[in-house]
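So this block is start-v2.txt, compact mmCIF, C-alpha atoms and all ligand atoms:
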# COMPACT_ATOMS: atom_id res chain seq x y z
CA MET A 30 0.00 0.00 0.00
CA ARG A 31 1.50 3.28 -1.15
CA VAL A 32 -0.01 6.46 0.31
CA LEU A 33 0.76 9.92 -1.05
CA VAL A 34 0.40 12.65 1.61
CA VAL A 35 0.09 16.24 0.38
CA SER A 36 -0.58 19.57 2.03
CA ASP A 37 -0.59 23.32 1.43
CA ILE A 38 -1.14 23.23 -2.32
CA HIS A 39 -2.22 26.87 -2.28
CA SER A 40 -3.73 27.03 -5.76
CA ASN A 41 -0.42 26.13 -7.39
CA TRP A 42 -1.63 23.76 -10.10
CA VAL A 43 1.71 23.77 -11.94
CA ALA A 44 3.27 22.28 -8.81
CA LEU A 45 0.49 19.81 -7.96
CA SER A 46 0.25 18.53 -11.54
CA SER A 47 4.00 17.93 -11.61
CA ILE A 48 3.95 15.24 -8.91
CA GLN A 49 4.80 12.00 -10.66
CA GLU A 50 4.23 9.45 -7.93
CA GLU A 51 2.30 6.25 -8.29
CA PHE A 52 -0.03 5.85 -5.33
CA ASP A 53 -2.87 3.68 -4.12
CA TYR A 54 -4.33 6.37 -1.85
CA CYS A 55 -3.87 10.11 -1.43
CA LEU A 56 -4.42 11.99 1.82
CA CYS A 57 -4.57 15.80 1.87
CA VAL A 58 -4.03 17.89 4.99
CA GLY A 59 -5.54 21.14 3.84
CA ASP A 60 -4.85 24.58 2.38
CA LEU A 61 -5.86 23.78 -1.16
CA VAL A 62 -6.34 27.46 -1.92
CA ASP A 63 -5.10 31.06 -1.45
CA TYR A 64 -1.70 32.59 -2.35
CA GLY A 65 -1.73 31.06 -5.84
CA THR A 66 -4.10 31.78 -8.70
CA GLU A 67 -5.28 28.41 -10.03
CA PRO A 68 -7.66 27.00 -7.41
CA LEU A 69 -10.07 25.19 -9.74
CA PRO A 70 -7.88 22.34 -11.02
CA CYS A 71 -6.34 21.94 -7.54
CA ILE A 72 -9.77 21.41 -5.98
CA GLU A 73 -10.86 19.14 -8.85
CA TRP A 74 -7.73 17.01 -8.49
CA ILE A 75 -8.17 16.59 -4.75
CA LYS A 76 -11.87 15.80 -5.18
CA ALA A 77 -10.98 13.15 -7.72
CA HIS A 78 -7.92 11.61 -6.07
CA ALA A 79 -7.93 12.17 -2.30
CA THR A 80 -9.37 9.42 -0.16
CA ALA A 81 -9.59 11.99 2.65
CA CYS A 82 -8.97 15.72 2.90
CA VAL A 83 -9.26 18.09 5.85
CA ARG A 84 -9.81 21.83 5.91
CA GLY A 85 -6.93 24.28 6.26
CA ASN A 86 -7.16 27.80 7.66
CA HIS A 87 -7.02 29.22 4.13
CA ASP A 88 -9.76 26.89 2.84
CA HIS A 89 -11.84 28.08 5.79
CA ALA A 90 -11.14 31.77 5.16
CA VAL A 91 -11.96 31.53 1.45
CA ALA A 92 -15.10 29.46 2.06
CA GLN A 93 -16.36 31.81 4.77
CA ARG A 94 -15.52 34.91 2.70
CA VAL A 95 -13.17 36.27 5.35
CA GLU A 96 -11.46 39.34 3.97
CA ALA A 97 -7.65 39.09 4.10
CA LYS A 98 -5.99 41.91 6.05
CA GLY A 99 -2.36 43.02 6.28
CA SER A 100 0.14 45.11 4.40
CA THR A 101 3.20 42.88 4.58
CA GLY A 102 4.37 39.35 3.90
CA PHE A 103 2.02 36.44 3.38
CA ARG A 104 -0.99 38.46 4.55
CA LYS A 105 -0.38 40.97 1.79
CA LEU A 106 -0.19 38.14 -0.73
CA ALA A 107 -3.50 36.72 0.54
CA CYS A 108 -5.08 40.18 0.16
CA ALA A 109 -4.19 40.04 -3.54
CA THR A 110 -5.23 36.46 -4.27
CA ARG A 111 -8.33 35.87 -2.11
CA PRO A 112 -10.70 38.14 -4.09
CA LEU A 113 -9.58 36.32 -7.24
CA HIS A 114 -10.66 33.03 -5.64
CA TRP A 115 -14.12 34.47 -5.03
CA GLU A 116 -14.36 35.34 -8.74
CA LEU A 117 -13.21 31.90 -9.84
CA LEU A 118 -14.98 29.56 -7.42
CA ASP A 119 -18.62 28.72 -8.00
CA ARG A 120 -21.07 27.74 -5.24
CA VAL A 121 -20.25 24.05 -5.55
CA LYS A 122 -16.52 24.61 -5.04
CA MET A 123 -17.12 27.05 -2.16
CA LYS A 124 -19.39 24.50 -0.53
CA TYR A 125 -16.78 21.78 -1.00
CA LEU A 126 -14.20 23.88 0.88
CA ALA A 127 -16.73 24.87 3.57
CA ARG A 128 -17.68 21.26 4.19
CA LEU A 129 -14.19 19.79 4.46
CA PRO A 130 -13.89 18.26 7.94
CA ILE A 131 -11.68 19.97 10.53
CA SER A 132 -10.07 16.63 11.35
CA GLN A 133 -10.57 13.09 10.14
CA GLN A 134 -9.58 9.61 11.20
CA ILE A 135 -9.47 7.03 8.45
CA THR A 136 -8.43 3.39 8.37
CA ILE A 137 -6.95 2.18 5.09
CA GLU A 138 -6.18 -1.51 4.68
CA GLY A 139 -6.03 -1.84 8.47
CA VAL A 140 -3.75 1.17 9.04
CA THR A 141 -5.23 4.17 10.87
CA PHE A 142 -4.39 7.72 9.84
CA TYR A 143 -5.47 10.89 11.68
CA LEU A 144 -5.53 14.04 9.58
CA VAL A 145 -5.53 17.63 10.86
CA HIS A 146 -4.14 20.81 9.29
CA GLY A 147 -2.69 22.37 12.48
CA THR A 148 -2.87 20.31 15.65
CA PRO A 149 -5.68 18.46 17.48
CA ARG A 150 -5.65 21.30 20.05
CA ASP A 151 -6.21 24.01 17.43
CA PRO A 152 -7.01 22.25 14.14
CA LEU A 153 -6.88 25.23 11.82
CA ASP A 154 -4.34 27.60 13.31
CA GLU A 155 -1.71 26.17 15.61
CA TYR A 156 1.82 26.12 14.16
CA LEU A 157 3.84 23.31 15.63
CA GLY A 158 7.16 22.14 14.21
CA ASP A 159 9.10 18.98 14.98
CA ASN A 160 8.85 19.29 18.76
CA GLU A 161 8.54 15.73 20.11
CA ALA A 162 7.36 16.67 23.61
CA ALA A 163 4.73 19.08 22.32
CA TRP A 164 3.39 16.54 19.80
CA THR A 165 3.30 13.79 22.43
CA ALA A 166 1.14 16.09 24.58
CA ARG A 167 -1.11 17.08 21.67
CA LEU A 168 -1.71 13.45 20.69
CA GLN A 169 -3.04 12.20 24.02
CA GLY A 170 -6.29 10.43 23.22
CA ILE A 171 -5.61 10.11 19.49
CA ASN A 172 -5.46 6.49 18.45
CA ALA A 173 -3.79 6.33 15.06
CA SER A 174 -0.50 5.00 13.73
CA PHE A 175 0.12 7.98 11.47
CA ILE A 176 -0.81 11.56 12.28
CA CYS A 177 -0.66 13.71 9.15
CA VAL A 178 -0.41 17.48 9.64
CA GLY A 179 0.42 20.55 7.57
CA HIS A 180 0.22 24.32 8.06
CA THR A 181 3.91 25.12 8.68
CA HIS A 182 5.00 24.46 5.07
CA ILE A 183 8.11 22.81 6.56
CA PRO A 184 8.39 19.00 6.29
CA PHE A 185 9.23 16.75 9.20
CA HIS A 186 8.73 13.19 10.41
CA LEU A 187 8.65 12.26 14.09
CA ASN A 188 8.69 8.74 15.43
CA LEU A 189 6.97 8.78 18.80
CA GLY A 190 6.94 5.03 19.42
CA ASP A 191 3.47 3.80 18.58
CA LYS A 192 2.67 6.97 16.61
CA GLN A 193 4.40 8.71 13.76
CA VAL A 194 3.78 12.37 12.94
CA ILE A 195 4.18 13.35 9.31
CA ASN A 196 4.24 16.90 8.00
CA PRO A 197 4.73 16.49 4.24
CA GLY A 198 5.66 20.17 3.81
CA SER A 199 4.03 22.23 1.10
CA VAL A 200 3.30 21.25 -2.50
CA GLY A 201 2.71 24.77 -3.75
CA GLN A 202 4.60 27.10 -1.44
CA PRO A 203 7.55 25.54 0.45
CA ARG A 204 9.03 27.77 3.16
CA ASP A 205 12.16 25.94 4.27
CA GLY A 206 14.45 27.56 1.72
CA ASP A 207 14.07 24.67 -0.75
CA PRO A 208 11.70 25.72 -3.56
CA ARG A 209 11.02 22.17 -4.76
CA ILE A 210 7.62 20.53 -4.24
CA SER A 211 7.46 18.76 -0.89
CA TYR A 212 5.30 15.71 -0.07
CA ALA A 213 5.43 12.40 1.76
CA ILE A 214 5.02 8.76 0.84
CA VAL A 215 3.95 6.13 3.36
CA GLU A 216 4.62 2.66 2.09
CA ASP A 217 4.36 -0.50 4.16
CA GLY A 218 4.74 1.49 7.39
CA LYS A 219 7.80 3.42 6.17
CA VAL A 220 7.63 7.20 5.81
CA THR A 221 9.68 9.02 3.17
CA LEU A 222 9.75 12.79 2.82
CA LYS A 223 10.31 13.68 -0.82
CA ARG A 224 11.17 16.73 -2.92
CA GLN A 225 10.69 17.27 -6.62
CA GLU A 226 11.65 20.08 -8.97
CA TYR A 227 8.96 21.72 -11.10
CA ASP A 228 8.67 24.54 -13.61
CA ILE A 229 8.51 27.54 -11.25
CA GLN A 230 8.70 29.99 -14.16
CA ALA A 231 5.53 28.43 -15.59
CA ALA A 232 3.82 28.92 -12.22
CA ILE A 233 4.91 32.57 -12.18
CA ARG A 234 3.68 33.10 -15.76
CA GLN A 235 0.31 31.63 -14.77
CA MET A 236 0.01 34.06 -11.84
CA GLU A 237 0.78 36.96 -14.17
CA THR A 238 -1.83 35.76 -16.67
CA ALA A 239 -4.35 35.49 -13.82
CA GLY A 240 -3.85 39.17 -13.03
CA LEU A 241 -1.13 39.46 -10.38
CA SER A 242 1.19 42.36 -11.09
CA GLY A 243 3.71 44.78 -9.63
CA GLU A 244 4.86 44.28 -6.07
CA THR A 245 2.45 41.40 -5.44
CA LEU A 246 3.68 39.40 -8.41
CA GLU A 247 7.26 40.12 -7.38
CA MET A 248 6.59 38.89 -3.85
CA ALA A 249 4.74 35.76 -5.00
CA SER A 250 7.52 34.96 -7.51
CA SER A 251 10.23 35.48 -4.92
CA VAL A 252 8.55 33.07 -2.47
CA LEU A 253 8.30 30.34 -5.13
CA LEU A 254 11.85 30.86 -6.42
CA ASN A 255 13.48 30.98 -2.98
CA GLY A 256 11.24 28.63 -1.06
CA ARG A 257 10.65 31.30 1.57
CA MET A 258 9.66 34.92 2.10
CA THR A 259 12.77 37.01 1.57
CA SER A 260 11.58 40.46 2.66
FE FE B 301 -0.71 26.87 4.24
Translate this structure into structure tokens?
Amino acid sequence: MRVLVVSDIHSNWVALSSIQEEFDYCLCVGDLVDYGTEPLPCIEWIKAHATACVRGNHDHAVAQRVEAKGSTGFRKLACATRPLHWELLDRVKMKYLARLPISQQITIEGVTFYLVHGTPRDPLDEYLGDNEAAWTARLQGINASFICVGHTHIPFHLNLGDKQVINPGSVGQPRDGDPRISYAIVEDGKVTLKRQEYDIQAAIRQMETAGLSGETLEMASSVLLNGRMTS
């Protein structure tokens, strides 16, 4: 059984469509949308291929029509791309995002996975990196072999004895200084964090075609090219 785990796609279809893995099942840990400019095929792909998908904070904000606020960094980028999502997404797609579960436990071929975007304590918003003690505390009462999380855009894998925590990193907007697509494969109980190059210039051209320009386009391009926010 080969499971592809993806997260934080952020409307970057060029990245998502570049993943060339064979898989039996796909699990998605949220943030399909925002920041990028091609939400439709990303949502369609997840609808078609993911066995389970949970809601990220950005899926929630787009679905609930929360206006993005902020004049710097990622908030500024969300201010530019969120209204575009509202133009592109029809009622069916908005409803799909709104109805994604906050967390989900799923058993596949006898193996139990627990999916949450942030942490069980704060499913949409808590940022928690590879802190073993903190994850051990957060996972009290969760009975699953693999806990799949996202949100930080930084991949890690923790082995906590009877539980393994997997953050596959971000497909569409890595933030660990490595601009390549990040995802995880779980095969026969073994977790592998993987990276793959993709055509970042094509992703930037798509954002320009979709209407991003000036400082916003520069910022979005810089994040994709550098794998982090540089200013
Ligand atoms: Fe995200």
task = Record the distance separating atom CA of A:Cys177 and atom CA of A:Gly139, expressed in Å with one decimal.
result =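 Between atom CA of A:Cys177 and atom CA of A:Gly139 the gap is 16.5 Å.
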With ligand FE 301 (chain B) as the partner and 8 Å as the cut-off, tabulate the residues of chain A that qualify, each row holding the nearest pair of atoms and their distance in Å to one decimal, using all atoms listed in the file, sorted by chain and rising number, as CSV.
residue,atom,partner,partner_atom,distance
A:Ser36,CA,B:FE301,FE,7.6
A:Asp37,CA,B:FE301,FE,4.5
A:Ile38,CA,B:FE301,FE,7.5
A:His39,CA,B:FE301,FE,6.7
A:Gly59,CA,B:FE301,FE,7.5
A:Asp60,CA,B:FE301,FE,5.1
A:Gly85,CA,B:FE301,FE,7.0
A:Asn86,CA,B:FE301,FE,7.4
A:His87,CA,B:FE301,FE,6.7
A:Gly179,CA,B:FE301,FE,7.2
A:His180,CA,B:FE301,FE,4.7
A:Thr181,CA,B:FE301,FE,6.6
A:His182,CA,B:FE301,FE,6.3
A:Ser199,CA,B:FE301,FE,7.3
A:Gln202,CA,B:FE301,FE,7.8
ask   = Counting all atoms listed in the file, which of A:Met30, A:Val145, A:Leu153, A:Ile229 gets nearest to A:Ser47?
value =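 So, comparing all the options, the nearest one is A:Ile229.
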task = Give me the residues within 8 Å of A:Pro68 as a ChimeraX atom specification, counting all atoms listed in the file and dropping any in the same chain fewer than 3 places off.
result = /A:39-42,61-63,65,71-72,114,117-118
query = Could you work out how far atom CA of A:Ser100 lies from atom CA of A:Pro184, giving the answer in Å with one decimal?
reply = 27.4 Å
message = Which residue is closest to A:Ala173? Choose from A:Lys192, A:Arg94, A:Arg104, A:Lys219 and count only C-alpha atoms.
response = A:Lys192
Selected residue, from A:Gly206, A:Gly102, A:Pro152, A:Pro70, that lies nearest to A:His89 when counting all atoms listed in the file = A:Pro152
message = If we count all atoms listed in the file and set the cut-off at 9 Å, which residues sit around A:Gln193, ignoring sequence neighbours fewer than 3 positions away in its own chain? Please answer as a list in words.
response =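 Result of the neighbour search: Ala173, Ser174, Phe175, Ile176, Cys177, His186, Leu187, Asn188, Leu189, Gly190 and Val220 of chain A.
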Within 10 Å of file point (-11.6, 7.6, 0.1), counting all atoms listed in the file, expressed as a CSV table (one decimal) with C-alpha atoms, in the coordinates of the input:
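Saved as out18.csv:
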chain,number,residue,atom,x,y,z
A,54,TYR,CA,-4.3,6.4,-1.8
A,55,CYS,CA,-3.9,10.1,-1.4
A,56,LEU,CA,-4.4,12.0,1.8
A,76,LYS,CA,-11.9,15.8,-5.2
A,77,ALA,CA,-11.0,13.2,-7.7
A,78,HIS,CA,-7.9,11.6,-6.1
A,79,ALA,CA,-7.9,12.2,-2.3
A,80,THR,CA,-9.4,9.4,-0.2
A,81,ALA,CA,-9.6,12.0,2.6
A,82,CYS,CA,-9.0,15.7,2.9
A,135,ILE,CA,-9.5,7.0,8.4
A,136,THR,CA,-8.4,3.4,8.4
A,137,ILE,CA,-7.0,2.2,5.1
Put the listed atoms of stretch 67-86 of chain A in a box along x, y and z with 6 Å added on every side and give me the centre and edge lengths in Å to one decimal, as lines of an AutoDock Vina configuration file.
center_x = -8.6
center_y = 18.9
center_z = -1.7
size_x = 18.6
size_y = 31.0
size_z = 30.7
message = Residues within 8 Å of A:Met236, please, as a list in words. Count all atoms listed in the file; anything in the same chain fewer than 6 positions from it doesn't count.
response =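 Close residues of A:Met236: Gly65, Thr66, Glu67 and Leu246 of chain A.
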request  = Take the point (9.9, 42.8, -5.2) as written in the file and pick out every residue within 12 Å of it, counting all atoms listed in the file; give the list as number ranges by chain.
outcome  = A: 101-102, 106, 242-252, 258-260
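Look at A:Arg209: the protein and nucleic acid residues within 7 Å of it, using all atoms listed in the file and passing over chain neighbours fewer than 6 places away, are Arg224, Gln225, Glu226 and Tyr227 of chain A.
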ask   = Nearest to A:Ala109: which of A:Val34, A:Ile75, A:Asp217, A:Tyr64 is it, counting only C-alpha atoms?
value =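 Among A:Val34, A:Ile75, A:Asp217, A:Tyr64, it is A:Tyr64 that comes nearest to A:Ala109.
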task = Give me, please, the distance in Å between atom CA of A:Ala239 and atom CA of A:Glu116, quoted to one decimal.
result =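 Here the two named atoms are 11.2 Å from each other.
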request  = Would you mind listing what lies within 9 Å of A:Ala127 as an NGL selection string, with only C-alpha atoms counted and same-chain residues fewer than 5 positions away left out?
outcome  = :A and (84 or 88-89 or 91-93 or 122)
request  = Go through A:Leu33, A:Ile48, A:Ile195, A:Met123 one by one, measure the shortest atom-to-atom distance of each to A:Leu69 using only C-alpha atoms, and give the residue with the smallest value.
outcome  =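 Selected residue with least distance to A:Leu69: A:Met123.
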